[in-house]
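Notes for the one structure printed next.
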Amino acid sequence: MRTLNVAMIGTGFMGKAHALAYAGLPAFYWPPPAMPVRKIVVDRTEALAATGRDRFGFEQFSTDWAAVVQDPQIDIVDICTPNDSHAEIAIAAAAAGKHIMCEKPLARSAPEAKRMLDAVAGKNLTHMVAFNYRHTPAVVFARKLIEEGRIGTLLNFHGHYLSDWPADPATPLSWRFQKSVAGSGTIGDIGSHVLDMARYLVGEIEAVNAIVQTYIAERPEQTGEFDKLGSAERRPEGPRRPVDVDDEATFLLRFAGGAVGSIDASRNAYGRGNYLGFELHGTTGSIIFNFERMNELKVFFADDPPELRGFRTIMTGPPHPHGEALWPVAGLGVGYLDVKIVECHGLISAIAEGRQASPNFADGYRIALICDAILASGQRRGWVEVGA
């Protein structure tokens with residue numbers, strides 16, 4: 001069986017998810033298209049890197065990512081670092097002839113994302129951006145229903161991604177609240193996920209009209225090495241530093257195919273944990289999805305008899321996308337990690353078959369263009385066409 005040696009850079013929250021996905025791939029997809037080998041893990045200090053090796057099952061550790069991407073043993077470079085290092089690492093990995101997995105957003109801005117896309121262009125390399133939510137079986141099934149014409153011509157998409165982990169002003173100032181590192185706030189962090197879902201289901205977005213807000217102007221300095229999201233210790237006292245990114249964005253969408261839509265993205269929505277979803281309407285039906293109930297898809301078909309009209313709930317399982325690989329009973333359900341394993345399978349399959357992955361750097365660049373247009377629209381207070 002072919003093996004693919006992985007170098008993973010970053011041992012935080014996403015590093016844990018990616019490492020577990022590589023480990024779980026052969027358990028779900030047997031035989032795997034190729035066997036990923038957790039070869040080298042990289043972090044900023046020896047203590048962090050060594051802990052990552054032991055905790056996540058890698059053979060070796062390093063603190064020098066630049067040397068690791070040049071290592072002839074390595075086939076895949078997996079970037080799980082904050083946004084400001086994505087471009088540098090990916091461009092070096094492409095120059096070294098490595099396949100690349102990169103966490104989202106691809107970059108801090110569209111010009112930076114374009115440099116990454118240019119770096120992989122013309123090379124026989126597979127590249128992927130970790131917009132993992134589109135791989136949820138219920139969402140893949142929603143796309144299948146759309147492609148089969150079950151809800152007719154698409155009319156509108158209403159998406160949302162709401163969370164509350166940083167709603168408390170005492171939440172520490174991680175890199176996610178710093179423009180120089182993150183590029184944007186809510187828009188790139190969680191808004192990019194629902195934008196990717198909109199493109200995956202409806203098609204290309206050609207213009208946006210946005211309201212962009214920052215509610216919490218400063219936050220206490222963070223202690224510790226990692227951004228702990230909702231588990232971070234609140235620090236009501238102590239020195240504070242300014243926040244220079246968005247907390248919330250609400251925007252209208254105009255799709256190239258004629259559909260319209262809207263998206264709400266907020267990290268200040270108390271009571272919402274990971275409330276990602278959409279409501280999609282067509283000329284002959286509707287589809288509703290909520291990731292907090294990720295094993296369910298609600299559908300309405302206008303051709304049902306009048307006495308049976310109403311939303312029905314489909315519980316995803318073996319008959320649905322990836323069903324044979326996951327769990328044998330619908331009620332057992334899938335979770336966040338299962339979706340990361342599906343994502344990992346997409347990457348490894350694409351490499352093994354010598355084709356491009358989806359979503360890839362071209363998709364990541366397009367999302368970056370849309371995010372930049374949203375920020376520009378928030379400043380101009382009007383419609384902005386998405387660049388080419």
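Chain labels A, B, ... are given in the sequence in which chains occur in the structure tokens; within each chain residues are numbered consecutively from 1, and ligands are likewise numbered from 1 in the order shown.
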Neighbours of Gln222 of chain A within 8 Å (only C-alpha atoms; same-chain residues fewer than 6 positions away dropped), as a count of residues only? 3
Excluding Ala130 of chain A and its own-chain neighbours fewer than 4 positions away, which residues fall within 10 Å of it when counting only C-alpha atoms? Please give them as a short mmCIF file (atom, residue, chain, number, x, y, z; two decimals) with N, CA and C atoms, in the first residue's frame.
```cif
data_model
loop_
_atom_site.label_atom_id
_atom_site.label_comp_id
_atom_site.auth_asym_id
_atom_site.auth_seq_id
_atom_site.Cartn_x
_atom_site.Cartn_y
_atom_site.Cartn_z
N MET A 14 -6.63 23.07 15.81
CA MET A 14 -6.77 22.45 14.50
C MET A 14 -5.73 21.37 14.28
N HIS A 18 -6.64 17.68 12.86
CA HIS A 18 -6.02 17.10 11.67
C HIS A 18 -5.29 15.80 12.00
N ILE A 79 -0.75 22.75 7.09
CA ILE A 79 -0.54 24.04 7.77
C ILE A 79 -1.69 24.31 8.73
N CYS A 80 -1.39 24.25 10.02
CA CYS A 80 -2.38 24.46 11.08
C CYS A 80 -1.95 25.62 11.97
N MET A 101 -2.09 20.84 2.54
CA MET A 101 -3.36 21.10 3.21
C MET A 101 -3.18 22.37 4.02
N CYS A 102 -4.10 23.33 3.89
CA CYS A 102 -3.98 24.58 4.62
C CYS A 102 -5.28 24.90 5.32
N GLU A 103 -5.19 25.26 6.58
CA GLU A 103 -6.38 25.70 7.31
C GLU A 103 -6.94 26.97 6.69
N LYS A 104 -8.22 27.18 6.92
CA LYS A 104 -8.87 28.38 6.41
C LYS A 104 -8.74 29.52 7.42
N PRO A 105 -8.95 30.78 7.00
CA PRO A 105 -8.99 31.19 5.62
C PRO A 105 -7.63 30.99 4.98
N LEU A 106 -7.60 30.87 3.67
CA LEU A 106 -6.33 30.59 3.00
C LEU A 106 -5.28 31.64 3.35
N ARG A 134 -18.36 21.80 4.55
CA ARG A 134 -19.02 21.39 3.30
C ARG A 134 -19.01 19.88 3.12
N HIS A 135 -18.14 19.16 3.86
CA HIS A 135 -18.05 17.71 3.74
C HIS A 135 -19.04 16.98 4.65
N HIS A 193 -16.55 30.22 6.28
CA HIS A 193 -17.14 28.88 6.20
C HIS A 193 -18.51 28.92 5.52
N LYS A 340 -13.98 15.80 9.69
CA LYS A 340 -12.57 16.02 9.40
C LYS A 340 -11.95 14.78 8.74
N GLU A 343 -12.97 14.90 5.18
CA GLU A 343 -12.12 15.89 4.52
C GLU A 343 -10.74 15.30 4.22
N CYS A 344 -10.16 14.62 5.19
CA CYS A 344 -8.85 13.99 5.02
C CYS A 344 -8.89 12.96 3.88
N LEU A 347 -8.58 14.66 0.58
CA LEU A 347 -7.21 15.06 0.27
C LEU A 347 -6.38 13.86 -0.18
N SER A 358 -10.83 19.30 -3.61
CA SER A 358 -11.88 20.32 -3.52
C SER A 358 -12.34 20.41 -2.07
N PRO A 359 -12.37 21.64 -1.52
CA PRO A 359 -11.99 22.92 -2.11
C PRO A 359 -10.47 23.08 -2.11
N ASN A 360 -9.96 23.79 -3.11
CA ASN A 360 -8.52 23.96 -3.24
C ASN A 360 -8.14 25.44 -3.16
N GLY A 364 -10.07 28.93 -2.18
CA GLY A 364 -9.63 29.78 -1.09
C GLY A 364 -9.38 31.21 -1.53
#
```
For Val243 of chain A: contacts at 12 Å, only C-alpha atoms, fewer than 4 positions along chain excluded, given as a list in words: Pro166, Pro169, Thr171, Pro172, Leu173, Ser174, Trp175, Arg176, Phe177, Gln178, Lys179, Ser180, Val181, Ala182, Ser184, Gly185, Gln213, Thr214, Tyr215, Ile216, Ala217, Glu218, Arg219, Pro220, Glu221 and Asp247 of chain A
Export, as a PDB file, in the first residue's frame, the selected residues with N, CA and C atoms.
```
ATOM      1  N   PRO A 166     -16.412  34.510  22.209  1.00  0.00           N
ATOM      2  CA  PRO A 166     -15.705  35.727  22.601  1.00  0.00           C
ATOM      3  C   PRO A 166     -16.638  36.880  22.987  1.00  0.00           C
ATOM      4  N   PRO A 169     -16.389  40.510  27.115  1.00  0.00           N
ATOM      5  CA  PRO A 169     -15.234  41.403  26.921  1.00  0.00           C
ATOM      6  C   PRO A 169     -13.987  40.975  27.680  1.00  0.00           C
ATOM      7  N   THR A 171     -12.810  37.983  27.536  1.00  0.00           N
ATOM      8  CA  THR A 171     -12.117  36.961  26.752  1.00  0.00           C
ATOM      9  C   THR A 171     -10.782  37.520  26.259  1.00  0.00           C
ATOM     10  N   PRO A 172      -9.684  36.790  26.466  1.00  0.00           N
ATOM     11  CA  PRO A 172      -8.364  37.338  26.120  1.00  0.00           C
ATOM     12  C   PRO A 172      -8.195  37.641  24.637  1.00  0.00           C
ATOM     13  N   LEU A 173      -7.281  38.554  24.363  1.00  0.00           N
ATOM     14  CA  LEU A 173      -6.964  38.997  23.005  1.00  0.00           C
ATOM     15  C   LEU A 173      -6.044  37.972  22.340  1.00  0.00           C
ATOM     16  N   SER A 174      -6.641  36.962  21.716  1.00  0.00           N
ATOM     17  CA  SER A 174      -5.849  36.008  20.954  1.00  0.00           C
ATOM     18  C   SER A 174      -5.513  36.611  19.592  1.00  0.00           C
ATOM     19  N   TRP A 175      -4.788  35.860  18.786  1.00  0.00           N
ATOM     20  CA  TRP A 175      -4.429  36.337  17.452  1.00  0.00           C
ATOM     21  C   TRP A 175      -5.668  36.577  16.583  1.00  0.00           C
ATOM     22  N   ARG A 176      -6.777  35.946  16.909  1.00  0.00           N
ATOM     23  CA  ARG A 176      -7.993  36.097  16.106  1.00  0.00           C
ATOM     24  C   ARG A 176      -8.578  37.508  16.181  1.00  0.00           C
ATOM     25  N   PHE A 177      -8.109  38.322  17.123  1.00  0.00           N
ATOM     26  CA  PHE A 177      -8.600  39.697  17.262  1.00  0.00           C
ATOM     27  C   PHE A 177      -7.585  40.721  16.770  1.00  0.00           C
ATOM     28  N   GLN A 178      -6.554  40.267  16.056  1.00  0.00           N
ATOM     29  CA  GLN A 178      -5.490  41.156  15.605  1.00  0.00           C
ATOM     30  C   GLN A 178      -5.388  41.106  14.073  1.00  0.00           C
ATOM     31  N   LYS A 179      -5.645  42.215  13.431  1.00  0.00           N
ATOM     32  CA  LYS A 179      -5.660  42.285  11.973  1.00  0.00           C
ATOM     33  C   LYS A 179      -4.333  41.847  11.363  1.00  0.00           C
ATOM     34  N   SER A 180      -3.222  42.208  12.001  1.00  0.00           N
ATOM     35  CA  SER A 180      -1.925  41.870  11.433  1.00  0.00           C
ATOM     36  C   SER A 180      -1.709  40.363  11.337  1.00  0.00           C
ATOM     37  N   VAL A 181      -2.372  39.613  12.197  1.00  0.00           N
ATOM     38  CA  VAL A 181      -2.228  38.154  12.198  1.00  0.00           C
ATOM     39  C   VAL A 181      -3.388  37.480  11.473  1.00  0.00           C
ATOM     40  N   ALA A 182      -4.609  37.907  11.792  1.00  0.00           N
ATOM     41  CA  ALA A 182      -5.796  37.229  11.272  1.00  0.00           C
ATOM     42  C   ALA A 182      -6.256  37.755   9.920  1.00  0.00           C
ATOM     43  N   SER A 184      -8.783  39.523   9.180  1.00  0.00           N
ATOM     44  CA  SER A 184     -10.108  40.022   9.547  1.00  0.00           C
ATOM     45  C   SER A 184     -10.559  39.247  10.766  1.00  0.00           C
ATOM     46  N   GLY A 185     -11.725  39.599  11.295  1.00  0.00           N
ATOM     47  CA  GLY A 185     -12.233  38.930  12.481  1.00  0.00           C
ATOM     48  C   GLY A 185     -13.246  37.866  12.129  1.00  0.00           C
ATOM     49  N   GLN A 213     -19.407  45.390  11.973  1.00  0.00           N
ATOM     50  CA  GLN A 213     -19.396  46.008  13.300  1.00  0.00           C
ATOM     51  C   GLN A 213     -18.272  45.454  14.170  1.00  0.00           C
ATOM     52  N   THR A 214     -17.710  46.309  15.010  1.00  0.00           N
ATOM     53  CA  THR A 214     -16.836  45.879  16.104  1.00  0.00           C
ATOM     54  C   THR A 214     -17.461  46.365  17.397  1.00  0.00           C
ATOM     55  N   TYR A 215     -17.784  45.439  18.294  1.00  0.00           N
ATOM     56  CA  TYR A 215     -18.478  45.781  19.526  1.00  0.00           C
ATOM     57  C   TYR A 215     -17.534  45.962  20.714  1.00  0.00           C
ATOM     58  N   ILE A 216     -16.466  45.172  20.738  1.00  0.00           N
ATOM     59  CA  ILE A 216     -15.554  45.178  21.883  1.00  0.00           C
ATOM     60  C   ILE A 216     -14.227  45.753  21.407  1.00  0.00           C
ATOM     61  N   ALA A 217     -13.930  46.968  21.841  1.00  0.00           N
ATOM     62  CA  ALA A 217     -12.799  47.722  21.291  1.00  0.00           C
ATOM     63  C   ALA A 217     -11.456  47.294  21.847  1.00  0.00           C
ATOM     64  N   GLU A 218     -11.435  46.656  23.014  1.00  0.00           N
ATOM     65  CA  GLU A 218     -10.173  46.192  23.575  1.00  0.00           C
ATOM     66  C   GLU A 218     -10.410  44.966  24.433  1.00  0.00           C
ATOM     67  N   ARG A 219      -9.378  44.178  24.584  1.00  0.00           N
ATOM     68  CA  ARG A 219      -9.472  42.938  25.353  1.00  0.00           C
ATOM     69  C   ARG A 219      -8.212  42.763  26.196  1.00  0.00           C
ATOM     70  N   PRO A 220      -8.300  41.957  27.263  1.00  0.00           N
ATOM     71  CA  PRO A 220      -7.111  41.714  28.084  1.00  0.00           C
ATOM     72  C   PRO A 220      -6.073  40.897  27.332  1.00  0.00           C
ATOM     73  N   GLU A 221      -4.821  41.132  27.635  1.00  0.00           N
ATOM     74  CA  GLU A 221      -3.742  40.385  26.992  1.00  0.00           C
ATOM     75  C   GLU A 221      -3.868  38.900  27.311  1.00  0.00           C
ATOM     76  N   ASP A 247     -16.311  42.150  14.756  1.00  0.00           N
ATOM     77  CA  ASP A 247     -17.007  41.170  15.591  1.00  0.00           C
ATOM     78  C   ASP A 247     -18.216  40.574  14.887  1.00  0.00           C
TER      79      ASP A 247
END
```
Residues of segment 121-270 of chain A in helix (DSSP H, G or I) according to DSSP, as a PyMOL selection string? chain A and resi 132-135+137-147+175-177+179-182+186-201+229-231
Could you write out that same residue set with N, CA and C atoms as a compact mmCIF listing (two decimals), in the first residue's frame?
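Okay, this is what ended up in out.txt:
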```
# COMPACT_ATOMS: atom_id res chain seq x y z
N ASN A 132 -14.02 22.48 6.14
CA ASN A 132 -14.48 21.12 6.43
C ASN A 132 -15.99 20.97 6.46
N TYR A 133 -16.73 22.03 6.79
CA TYR A 133 -18.17 21.87 6.99
C TYR A 133 -18.89 21.45 5.72
N ARG A 134 -18.36 21.80 4.55
CA ARG A 134 -19.02 21.39 3.30
C ARG A 134 -19.01 19.88 3.12
N HIS A 135 -18.14 19.16 3.86
CA HIS A 135 -18.05 17.71 3.74
C HIS A 135 -19.04 16.98 4.65
N PRO A 137 -22.06 15.00 5.68
CA PRO A 137 -22.91 14.21 4.80
C PRO A 137 -24.24 14.87 4.45
N ALA A 138 -24.88 15.54 5.41
CA ALA A 138 -26.16 16.19 5.12
C ALA A 138 -26.00 17.31 4.10
N VAL A 139 -24.89 18.04 4.14
CA VAL A 139 -24.65 19.12 3.19
C VAL A 139 -24.34 18.56 1.80
N VAL A 140 -23.55 17.50 1.75
CA VAL A 140 -23.27 16.85 0.47
C VAL A 140 -24.57 16.31 -0.14
N PHE A 141 -25.44 15.77 0.71
CA PHE A 141 -26.73 15.28 0.22
C PHE A 141 -27.61 16.44 -0.27
N ALA A 142 -27.55 17.58 0.42
CA ALA A 142 -28.29 18.76 -0.04
C ALA A 142 -27.85 19.15 -1.45
N ARG A 143 -26.54 19.12 -1.69
CA ARG A 143 -26.05 19.44 -3.04
C ARG A 143 -26.56 18.43 -4.06
N LYS A 144 -26.61 17.17 -3.67
CA LYS A 144 -27.13 16.13 -4.58
C LYS A 144 -28.58 16.43 -4.94
N LEU A 145 -29.40 16.79 -3.97
CA LEU A 145 -30.80 17.14 -4.24
C LEU A 145 -30.90 18.33 -5.19
N ILE A 146 -30.03 19.31 -4.99
CA ILE A 146 -30.03 20.50 -5.86
C ILE A 146 -29.65 20.10 -7.28
N GLU A 147 -28.59 19.30 -7.42
CA GLU A 147 -28.13 18.91 -8.75
C GLU A 147 -29.16 18.05 -9.47
N TRP A 175 -4.79 35.86 18.79
CA TRP A 175 -4.43 36.34 17.45
C TRP A 175 -5.67 36.58 16.58
N ARG A 176 -6.78 35.95 16.91
CA ARG A 176 -7.99 36.10 16.11
C ARG A 176 -8.58 37.51 16.18
N PHE A 177 -8.11 38.32 17.12
CA PHE A 177 -8.60 39.70 17.26
C PHE A 177 -7.59 40.72 16.77
N LYS A 179 -5.65 42.21 13.43
CA LYS A 179 -5.66 42.29 11.97
C LYS A 179 -4.33 41.85 11.36
N SER A 180 -3.22 42.21 12.00
CA SER A 180 -1.92 41.87 11.43
C SER A 180 -1.71 40.36 11.34
N VAL A 181 -2.37 39.61 12.20
CA VAL A 181 -2.23 38.15 12.20
C VAL A 181 -3.39 37.48 11.47
N ALA A 182 -4.61 37.91 11.79
CA ALA A 182 -5.80 37.23 11.27
C ALA A 182 -6.26 37.75 9.92
N THR A 186 -14.50 38.15 12.44
CA THR A 186 -15.58 37.20 12.18
C THR A 186 -15.66 36.83 10.72
N ILE A 187 -15.41 37.77 9.84
CA ILE A 187 -15.57 37.52 8.40
C ILE A 187 -14.67 36.37 7.94
N GLY A 188 -13.39 36.42 8.27
CA GLY A 188 -12.49 35.36 7.85
C GLY A 188 -12.57 34.12 8.72
N ASP A 189 -12.86 34.31 9.99
CA ASP A 189 -12.82 33.21 10.95
C ASP A 189 -13.99 32.26 10.74
N ILE A 190 -15.21 32.78 10.78
CA ILE A 190 -16.38 31.91 10.62
C ILE A 190 -17.22 32.28 9.40
N GLY A 191 -17.23 33.56 9.02
CA GLY A 191 -17.97 33.94 7.83
C GLY A 191 -17.49 33.23 6.58
N SER A 192 -16.19 32.95 6.51
CA SER A 192 -15.64 32.28 5.33
C SER A 192 -16.23 30.88 5.17
N HIS A 193 -16.55 30.22 6.28
CA HIS A 193 -17.14 28.88 6.20
C HIS A 193 -18.51 28.92 5.52
N VAL A 194 -19.35 29.85 5.94
CA VAL A 194 -20.70 29.89 5.35
C VAL A 194 -20.65 30.43 3.93
N LEU A 195 -19.68 31.29 3.62
CA LEU A 195 -19.47 31.70 2.23
C LEU A 195 -19.08 30.51 1.36
N ASP A 196 -18.20 29.66 1.88
CA ASP A 196 -17.82 28.47 1.13
C ASP A 196 -19.04 27.58 0.90
N MET A 197 -19.90 27.45 1.91
CA MET A 197 -21.10 26.63 1.77
C MET A 197 -22.04 27.23 0.72
N ALA A 198 -22.15 28.56 0.70
CA ALA A 198 -23.00 29.22 -0.29
C ALA A 198 -22.49 28.95 -1.70
N ARG A 199 -21.18 29.08 -1.91
CA ARG A 199 -20.61 28.81 -3.23
C ARG A 199 -20.79 27.34 -3.61
N TYR A 200 -20.59 26.44 -2.65
CA TYR A 200 -20.70 25.00 -2.90
C TYR A 200 -22.11 24.62 -3.34
N LEU A 201 -23.11 25.25 -2.76
CA LEU A 201 -24.49 24.88 -3.03
C LEU A 201 -25.15 25.70 -4.14
N LEU A 229 -10.07 29.47 22.43
CA LEU A 229 -11.46 29.73 22.06
C LEU A 229 -12.34 29.80 23.31
N GLY A 230 -13.45 29.08 23.31
CA GLY A 230 -14.41 29.20 24.40
C GLY A 230 -13.93 28.69 25.74
N SER A 231 -12.84 27.92 25.75
CA SER A 231 -12.34 27.40 27.02
C SER A 231 -11.30 28.31 27.66
```
For Gly52 of chain A, please output as a PyMOL selection string all residues within 7 Å (counting only C-alpha atoms; exclusion window: fewer than 3 positions along the same chain). chain A and resi 11+41+48-49+55-56
